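Data file: start_27.cif. Format and content: mmCIF, N, CA and C atoms.
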```cif
data_work
loop_
_atom_site.group_PDB
_atom_site.id
_atom_site.type_symbol
_atom_site.label_atom_id
_atom_site.label_comp_id
_atom_site.auth_asym_id
_atom_site.auth_seq_id
_atom_site.Cartn_x
_atom_site.Cartn_y
_atom_site.Cartn_z
ATOM 1 N N MET A 18 0.850 -1.165 0.000
ATOM 2 C CA MET A 18 0.000 0.000 0.000
ATOM 3 C C MET A 18 0.897 1.230 0.000
ATOM 4 N N SER A 19 0.644 2.126 -0.908
ATOM 5 C CA SER A 19 1.479 3.306 -1.024
ATOM 6 C C SER A 19 1.068 4.373 -0.010
ATOM 7 N N VAL A 20 1.906 5.362 0.090
ATOM 8 C CA VAL A 20 1.634 6.476 0.997
ATOM 9 C C VAL A 20 0.378 7.220 0.536
ATOM 10 N N ALA A 21 0.191 7.334 -0.776
ATOM 11 C CA ALA A 21 -0.991 8.022 -1.297
ATOM 12 C C ALA A 21 -2.261 7.288 -0.883
ATOM 13 N N HIS A 22 -2.252 5.971 -0.925
ATOM 14 C CA HIS A 22 -3.419 5.193 -0.504
ATOM 15 C C HIS A 22 -3.712 5.431 0.970
ATOM 16 N N GLN A 23 -2.669 5.466 1.781
ATOM 17 C CA GLN A 23 -2.855 5.695 3.210
ATOM 18 C C GLN A 23 -3.376 7.098 3.477
ATOM 19 N N MET A 24 -2.900 8.082 2.719
ATOM 20 C CA MET A 24 -3.376 9.458 2.893
ATOM 21 C C MET A 24 -4.857 9.560 2.540
ATOM 22 N N VAL A 25 -5.263 8.900 1.471
ATOM 23 C CA VAL A 25 -6.674 8.928 1.091
ATOM 24 C C VAL A 25 -7.511 8.197 2.136
ATOM 25 N N ASP A 26 -6.992 7.106 2.693
ATOM 26 C CA ASP A 26 -7.703 6.411 3.765
ATOM 27 C C ASP A 26 -7.910 7.324 4.973
ATOM 28 N N VAL A 27 -6.895 8.103 5.314
ATOM 29 C CA VAL A 27 -7.014 9.028 6.441
ATOM 30 C C VAL A 27 -8.043 10.111 6.129
ATOM 31 N N LEU A 28 -8.027 10.633 4.908
ATOM 32 C CA LEU A 28 -9.014 11.648 4.530
ATOM 33 C C LEU A 28 -10.433 11.095 4.568
ATOM 34 N N ILE A 29 -10.626 9.893 4.063
ATOM 35 C CA ILE A 29 -11.956 9.279 4.089
ATOM 36 C C ILE A 29 -12.396 9.028 5.524
ATOM 37 N N ALA A 30 -11.479 8.546 6.366
ATOM 38 C CA ALA A 30 -11.818 8.328 7.779
ATOM 39 C C ALA A 30 -12.193 9.645 8.443
ATOM 40 N N GLY A 31 -11.493 10.720 8.105
ATOM 41 C CA GLY A 31 -11.835 12.034 8.648
ATOM 42 C C GLY A 31 -13.204 12.504 8.197
ATOM 43 N N LEU A 32 -13.522 12.257 6.930
ATOM 44 C CA LEU A 32 -14.857 12.603 6.435
ATOM 45 C C LEU A 32 -15.941 11.799 7.142
ATOM 46 N N ILE A 33 -15.680 10.529 7.351
ATOM 47 C CA ILE A 33 -16.638 9.682 8.061
ATOM 48 C C ILE A 33 -16.839 10.214 9.474
ATOM 49 N N ALA A 34 -15.751 10.546 10.162
ATOM 50 C CA ALA A 34 -15.847 11.055 11.534
ATOM 51 C C ALA A 34 -16.608 12.380 11.567
ATOM 52 N N GLY A 35 -16.269 13.272 10.666
ATOM 53 C CA GLY A 35 -16.912 14.581 10.658
ATOM 54 C C GLY A 35 -18.385 14.524 10.315
ATOM 55 N N LEU A 36 -18.704 13.795 9.267
ATOM 56 C CA LEU A 36 -20.108 13.714 8.851
ATOM 57 C C LEU A 36 -20.983 12.986 9.869
ATOM 58 N N SER A 37 -20.465 11.890 10.407
ATOM 59 C CA SER A 37 -21.267 11.157 11.389
ATOM 60 C C SER A 37 -21.405 11.960 12.676
ATOM 61 N N SER A 38 -20.377 12.703 13.073
ATOM 62 C CA SER A 38 -20.490 13.559 14.262
ATOM 63 C C SER A 38 -21.510 14.663 14.035
ATOM 64 N N PHE A 39 -21.505 15.241 12.849
ATOM 65 C CA PHE A 39 -22.457 16.303 12.527
ATOM 66 C C PHE A 39 -23.891 15.779 12.545
ATOM 67 N N VAL A 40 -24.108 14.634 11.908
ATOM 68 C CA VAL A 40 -25.458 14.067 11.836
ATOM 69 C C VAL A 40 -25.925 13.608 13.212
ATOM 70 N N LEU A 41 -25.071 12.922 13.939
ATOM 71 C CA LEU A 41 -25.450 12.415 15.254
ATOM 72 C C LEU A 41 -25.519 13.508 16.312
ATOM 73 N N GLY A 42 -24.923 14.673 16.034
ATOM 74 C CA GLY A 42 -24.961 15.779 16.974
ATOM 75 C C GLY A 42 -26.366 16.261 17.270
ATOM 76 N N ALA A 43 -27.272 16.112 16.332
ATOM 77 C CA ALA A 43 -28.662 16.522 16.545
ATOM 78 C C ALA A 43 -29.404 15.539 17.438
ATOM 79 N N VAL A 44 -28.990 14.284 17.416
ATOM 80 C CA VAL A 44 -29.694 13.238 18.166
ATOM 81 C C VAL A 44 -29.049 13.007 19.530
ATOM 82 N N ALA A 45 -27.754 12.824 19.537
ATOM 83 C CA ALA A 45 -27.033 12.521 20.777
ATOM 84 C C ALA A 45 -25.767 13.375 20.833
ATOM 85 N N PRO A 46 -25.890 14.651 21.220
ATOM 86 C CA PRO A 46 -24.738 15.551 21.146
ATOM 87 C C PRO A 46 -23.547 15.139 22.005
ATOM 88 N N GLN A 47 -23.773 14.457 23.110
ATOM 89 C CA GLN A 47 -22.658 14.100 23.974
ATOM 90 C C GLN A 47 -21.931 12.847 23.483
ATOM 91 N N LEU A 48 -22.554 12.080 22.622
ATOM 92 C CA LEU A 48 -21.929 10.866 22.088
ATOM 93 C C LEU A 48 -21.479 11.013 20.636
ATOM 94 N N ALA A 49 -21.798 12.137 20.014
ATOM 95 C CA ALA A 49 -21.578 12.282 18.579
ATOM 96 C C ALA A 49 -20.113 12.138 18.192
ATOM 97 N N VAL A 50 -19.216 12.804 18.876
ATOM 98 C CA VAL A 50 -17.799 12.748 18.518
ATOM 99 C C VAL A 50 -17.234 11.352 18.780
ATOM 100 N N THR A 51 -17.629 10.765 19.903
ATOM 101 C CA THR A 51 -17.149 9.417 20.221
ATOM 102 C C THR A 51 -17.578 8.426 19.149
ATOM 103 N N LEU A 52 -18.838 8.476 18.760
ATOM 104 C CA LEU A 52 -19.321 7.565 17.720
ATOM 105 C C LEU A 52 -18.671 7.860 16.370
ATOM 106 N N GLY A 53 -18.441 9.125 16.060
ATOM 107 C CA GLY A 53 -17.754 9.473 14.819
ATOM 108 C C GLY A 53 -16.365 8.896 14.757
ATOM 109 N N VAL A 54 -15.632 8.982 15.863
ATOM 110 C CA VAL A 54 -14.279 8.423 15.904
ATOM 111 C C VAL A 54 -14.326 6.902 15.801
ATOM 112 N N ILE A 55 -15.315 6.288 16.436
ATOM 113 C CA ILE A 55 -15.454 4.826 16.343
ATOM 114 C C ILE A 55 -15.720 4.408 14.907
ATOM 115 N N PHE A 56 -16.623 5.109 14.220
ATOM 116 C CA PHE A 56 -16.930 4.769 12.822
ATOM 117 C C PHE A 56 -15.708 4.962 11.927
ATOM 118 N N ALA A 57 -14.985 6.057 12.127
ATOM 119 C CA ALA A 57 -13.791 6.307 11.322
ATOM 120 C C ALA A 57 -12.727 5.251 11.591
ATOM 121 N N SER A 58 -12.561 4.873 12.838
ATOM 122 C CA SER A 58 -11.585 3.838 13.184
ATOM 123 C C SER A 58 -11.966 2.501 12.576
ATOM 124 N N MET A 59 -13.243 2.208 12.584
ATOM 125 C CA MET A 59 -13.699 0.959 11.973
ATOM 126 C C MET A 59 -13.316 0.930 10.498
ATOM 127 N N TYR A 60 -13.484 2.054 9.805
ATOM 128 C CA TYR A 60 -13.113 2.093 8.387
ATOM 129 C C TYR A 60 -11.604 2.008 8.220
ATOM 130 N N TYR A 61 -10.886 2.860 8.935
ATOM 131 C CA TYR A 61 -9.447 2.957 8.699
ATOM 132 C C TYR A 61 -8.708 1.681 9.075
ATOM 133 N N PHE A 62 -9.011 1.115 10.212
ATOM 134 C CA PHE A 62 -8.227 -0.025 10.669
ATOM 135 C C PHE A 62 -8.641 -1.338 10.022
ATOM 136 N N SER A 63 -9.858 -1.453 9.599
ATOM 137 C CA SER A 63 -10.265 -2.715 8.998
ATOM 138 C C SER A 63 -10.418 -2.620 7.486
ATOM 139 N N ARG A 64 -10.648 -1.407 6.977
ATOM 140 C CA ARG A 64 -10.964 -1.217 5.557
ATOM 141 C C ARG A 64 -12.088 -2.148 5.133
ATOM 142 N N ASN A 65 -12.978 -2.404 6.049
ATOM 143 C CA ASN A 65 -14.158 -3.236 5.819
ATOM 144 C C ASN A 65 -15.331 -2.504 6.451
ATOM 145 N N PRO A 66 -15.777 -1.394 5.819
ATOM 146 C CA PRO A 66 -16.723 -0.513 6.484
ATOM 147 C C PRO A 66 -18.086 -1.124 6.782
ATOM 148 N N TRP A 67 -18.451 -2.217 6.127
ATOM 149 C CA TRP A 67 -19.790 -2.764 6.347
ATOM 150 C C TRP A 67 -19.777 -4.002 7.228
ATOM 151 N N GLY A 68 -18.619 -4.436 7.660
ATOM 152 C CA GLY A 68 -18.518 -5.583 8.557
ATOM 153 C C GLY A 68 -18.955 -6.891 7.918
ATOM 154 N N SER A 69 -18.812 -6.981 6.635
ATOM 155 C CA SER A 69 -19.260 -8.160 5.900
ATOM 156 C C SER A 69 -18.213 -9.266 5.936
ATOM 157 N N GLN A 70 -18.647 -10.449 5.620
ATOM 158 C CA GLN A 70 -17.723 -11.574 5.485
ATOM 159 C C GLN A 70 -16.908 -11.455 4.199
ATOM 160 N N ARG A 71 -17.323 -10.565 3.301
ATOM 161 C CA ARG A 71 -16.630 -10.381 2.024
ATOM 162 C C ARG A 71 -15.699 -9.179 2.081
ATOM 163 N N GLY A 72 -15.039 -8.987 3.203
ATOM 164 C CA GLY A 72 -14.168 -7.827 3.398
ATOM 165 C C GLY A 72 -13.035 -7.746 2.402
ATOM 166 N N ASP A 73 -12.471 -8.885 2.028
ATOM 167 C CA ASP A 73 -11.379 -8.877 1.058
ATOM 168 C C ASP A 73 -11.834 -8.329 -0.285
ATOM 169 N N GLU A 74 -13.047 -8.659 -0.691
ATOM 170 C CA GLU A 74 -13.571 -8.139 -1.958
ATOM 171 C C GLU A 74 -13.730 -6.623 -1.895
ATOM 172 N N TYR A 75 -14.242 -6.116 -0.777
ATOM 173 C CA TYR A 75 -14.376 -4.661 -0.618
ATOM 174 C C TYR A 75 -13.011 -3.984 -0.643
ATOM 175 N N ASN A 76 -12.044 -4.554 0.065
ATOM 176 C CA ASN A 76 -10.717 -3.960 0.103
ATOM 177 C C ASN A 76 -10.066 -3.961 -1.271
ATOM 178 N N GLU A 77 -10.235 -5.024 -2.033
ATOM 179 C CA GLU A 77 -9.689 -5.072 -3.388
ATOM 180 C C GLU A 77 -10.361 -4.040 -4.278
ATOM 181 N N ALA A 78 -11.671 -3.860 -4.132
ATOM 182 C CA ALA A 78 -12.380 -2.861 -4.928
ATOM 183 C C ALA A 78 -11.903 -1.452 -4.575
ATOM 184 N N ILE A 79 -11.685 -1.187 -3.291
ATOM 185 C CA ILE A 79 -11.180 0.123 -2.868
ATOM 186 C C ILE A 79 -9.772 0.334 -3.414
ATOM 187 N N ASP A 80 -8.908 -0.677 -3.337
ATOM 188 C CA ASP A 80 -7.556 -0.557 -3.875
ATOM 189 C C ASP A 80 -7.568 -0.339 -5.383
ATOM 190 N N ASP A 81 -8.452 -1.019 -6.098
ATOM 191 C CA ASP A 81 -8.569 -0.811 -7.546
ATOM 192 C C ASP A 81 -9.012 0.614 -7.860
ATOM 193 N N LEU A 82 -9.934 1.149 -7.065
ATOM 194 C CA LEU A 82 -10.384 2.524 -7.254
ATOM 195 C C LEU A 82 -9.237 3.498 -7.019
ATOM 196 N N TYR A 83 -8.449 3.264 -5.973
ATOM 197 C CA TYR A 83 -7.288 4.102 -5.708
ATOM 198 C C TYR A 83 -6.305 4.030 -6.862
ATOM 199 N N ASP A 84 -6.027 2.830 -7.347
ATOM 200 C CA ASP A 84 -5.072 2.665 -8.440
ATOM 201 C C ASP A 84 -5.541 3.370 -9.705
ATOM 202 N N ARG A 85 -6.830 3.418 -9.908
ATOM 203 C CA ARG A 85 -7.374 4.045 -11.108
ATOM 204 C C ARG A 85 -7.251 5.557 -11.049
ATOM 205 N N TYR A 86 -7.430 6.182 -9.876
ATOM 206 C CA TYR A 86 -7.504 7.630 -9.788
ATOM 207 C C TYR A 86 -6.292 8.307 -9.164
ATOM 208 N N LEU A 87 -5.479 7.579 -8.436
ATOM 209 C CA LEU A 87 -4.282 8.196 -7.853
ATOM 210 C C LEU A 87 -3.111 8.046 -8.819
ATOM 211 N N PRO A 88 -2.389 9.116 -9.061
ATOM 212 C CA PRO A 88 -1.301 9.058 -10.041
ATOM 213 C C PRO A 88 -0.071 8.293 -9.561
ATOM 214 N N PHE A 89 0.043 8.027 -8.256
ATOM 215 C CA PHE A 89 1.223 7.324 -7.740
ATOM 216 C C PHE A 89 0.846 6.367 -6.663
#
```
In structure tokens, what does this structure look like?
Amino acid sequence: MSVAHQMVDVLIAGLIAGLSSFVLGAVAPQLAVTLGVIFASMYYFSRNPWGSQRGDEYNEAIDDLYDRYLPF
């Protein structure tokens, strides 16, 4: 995995954390940031955002997408 792939993973995890914190802030403001960080960590550390048994297929699809659009 290249540095560019890892940087995009961090950006996506940040987007997940920010968006989920924003959305959950209306419902549970005291838990919103904690849940956002948990969701982002689930994506970043497992690269299996849906918790499926087909995680390898999802990871390969994400890597193929990165290879298609990242120049390095």
Who sits within 8 Å of Phe56 in chain A, all atoms listed in the file, same chain under 2 positions skipped, as a list in words = Ala30, Ile33, Ala34, Ser37, Val50, Thr51, Leu52, Gly53, Val54, Ser58, Met59, Tyr60, Tyr61, Phe62 and Pro66 of chain A
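Taking only C-alpha atoms into account, Arg64 in chain A lies nearest to A:Ile29 out of the set A:Ala43, A:Leu36, A:Ala49, A:Ile29.
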ask   = Which neighbours of Leu87 in chain A fall inside 8 Å, counting all atoms listed in the file, when residues of the same chain fewer than 4 positions from it are skipped, and could you give them as number ranges by chain?
value = A: 21-22, 81-83
For the residues selected in the previous step, produce a file with N, CA and C atoms as a tab-separated table (two decimals), in the coordinates of the input.
```tsv
chain	number	residue	atom	x	y	z
A	21	ALA	N	0.19	7.33	-0.78
A	21	ALA	CA	-0.99	8.02	-1.30
A	21	ALA	C	-2.26	7.29	-0.88
A	22	HIS	N	-2.25	5.97	-0.92
A	22	HIS	CA	-3.42	5.19	-0.50
A	22	HIS	C	-3.71	5.43	0.97
A	81	ASP	N	-8.45	-1.02	-6.10
A	81	ASP	CA	-8.57	-0.81	-7.55
A	81	ASP	C	-9.01	0.61	-7.86
A	82	LEU	N	-9.93	1.15	-7.06
A	82	LEU	CA	-10.38	2.52	-7.25
A	82	LEU	C	-9.24	3.50	-7.02
A	83	TYR	N	-8.45	3.26	-5.97
A	83	TYR	CA	-7.29	4.10	-5.71
A	83	TYR	C	-6.30	4.03	-6.86
```
Distance in Å - CA of Ala57 in chain A versus CA of Ser38 in chain A = 10.3 Å
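Taking atom C of Pro88 in chain A and atom N of Gln23 in chain A as the two end points, the separation is 12.0 Å.
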Alpha helix (DSSP H) per DSSP on the backbone: members of chain A, as a VMD selection string = chain A and resid 20 to 42 49 to 63 72 to 86
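One finds atom C of Arg71 in chain A at 19.5 Å from atom N of Arg85 in chain A.
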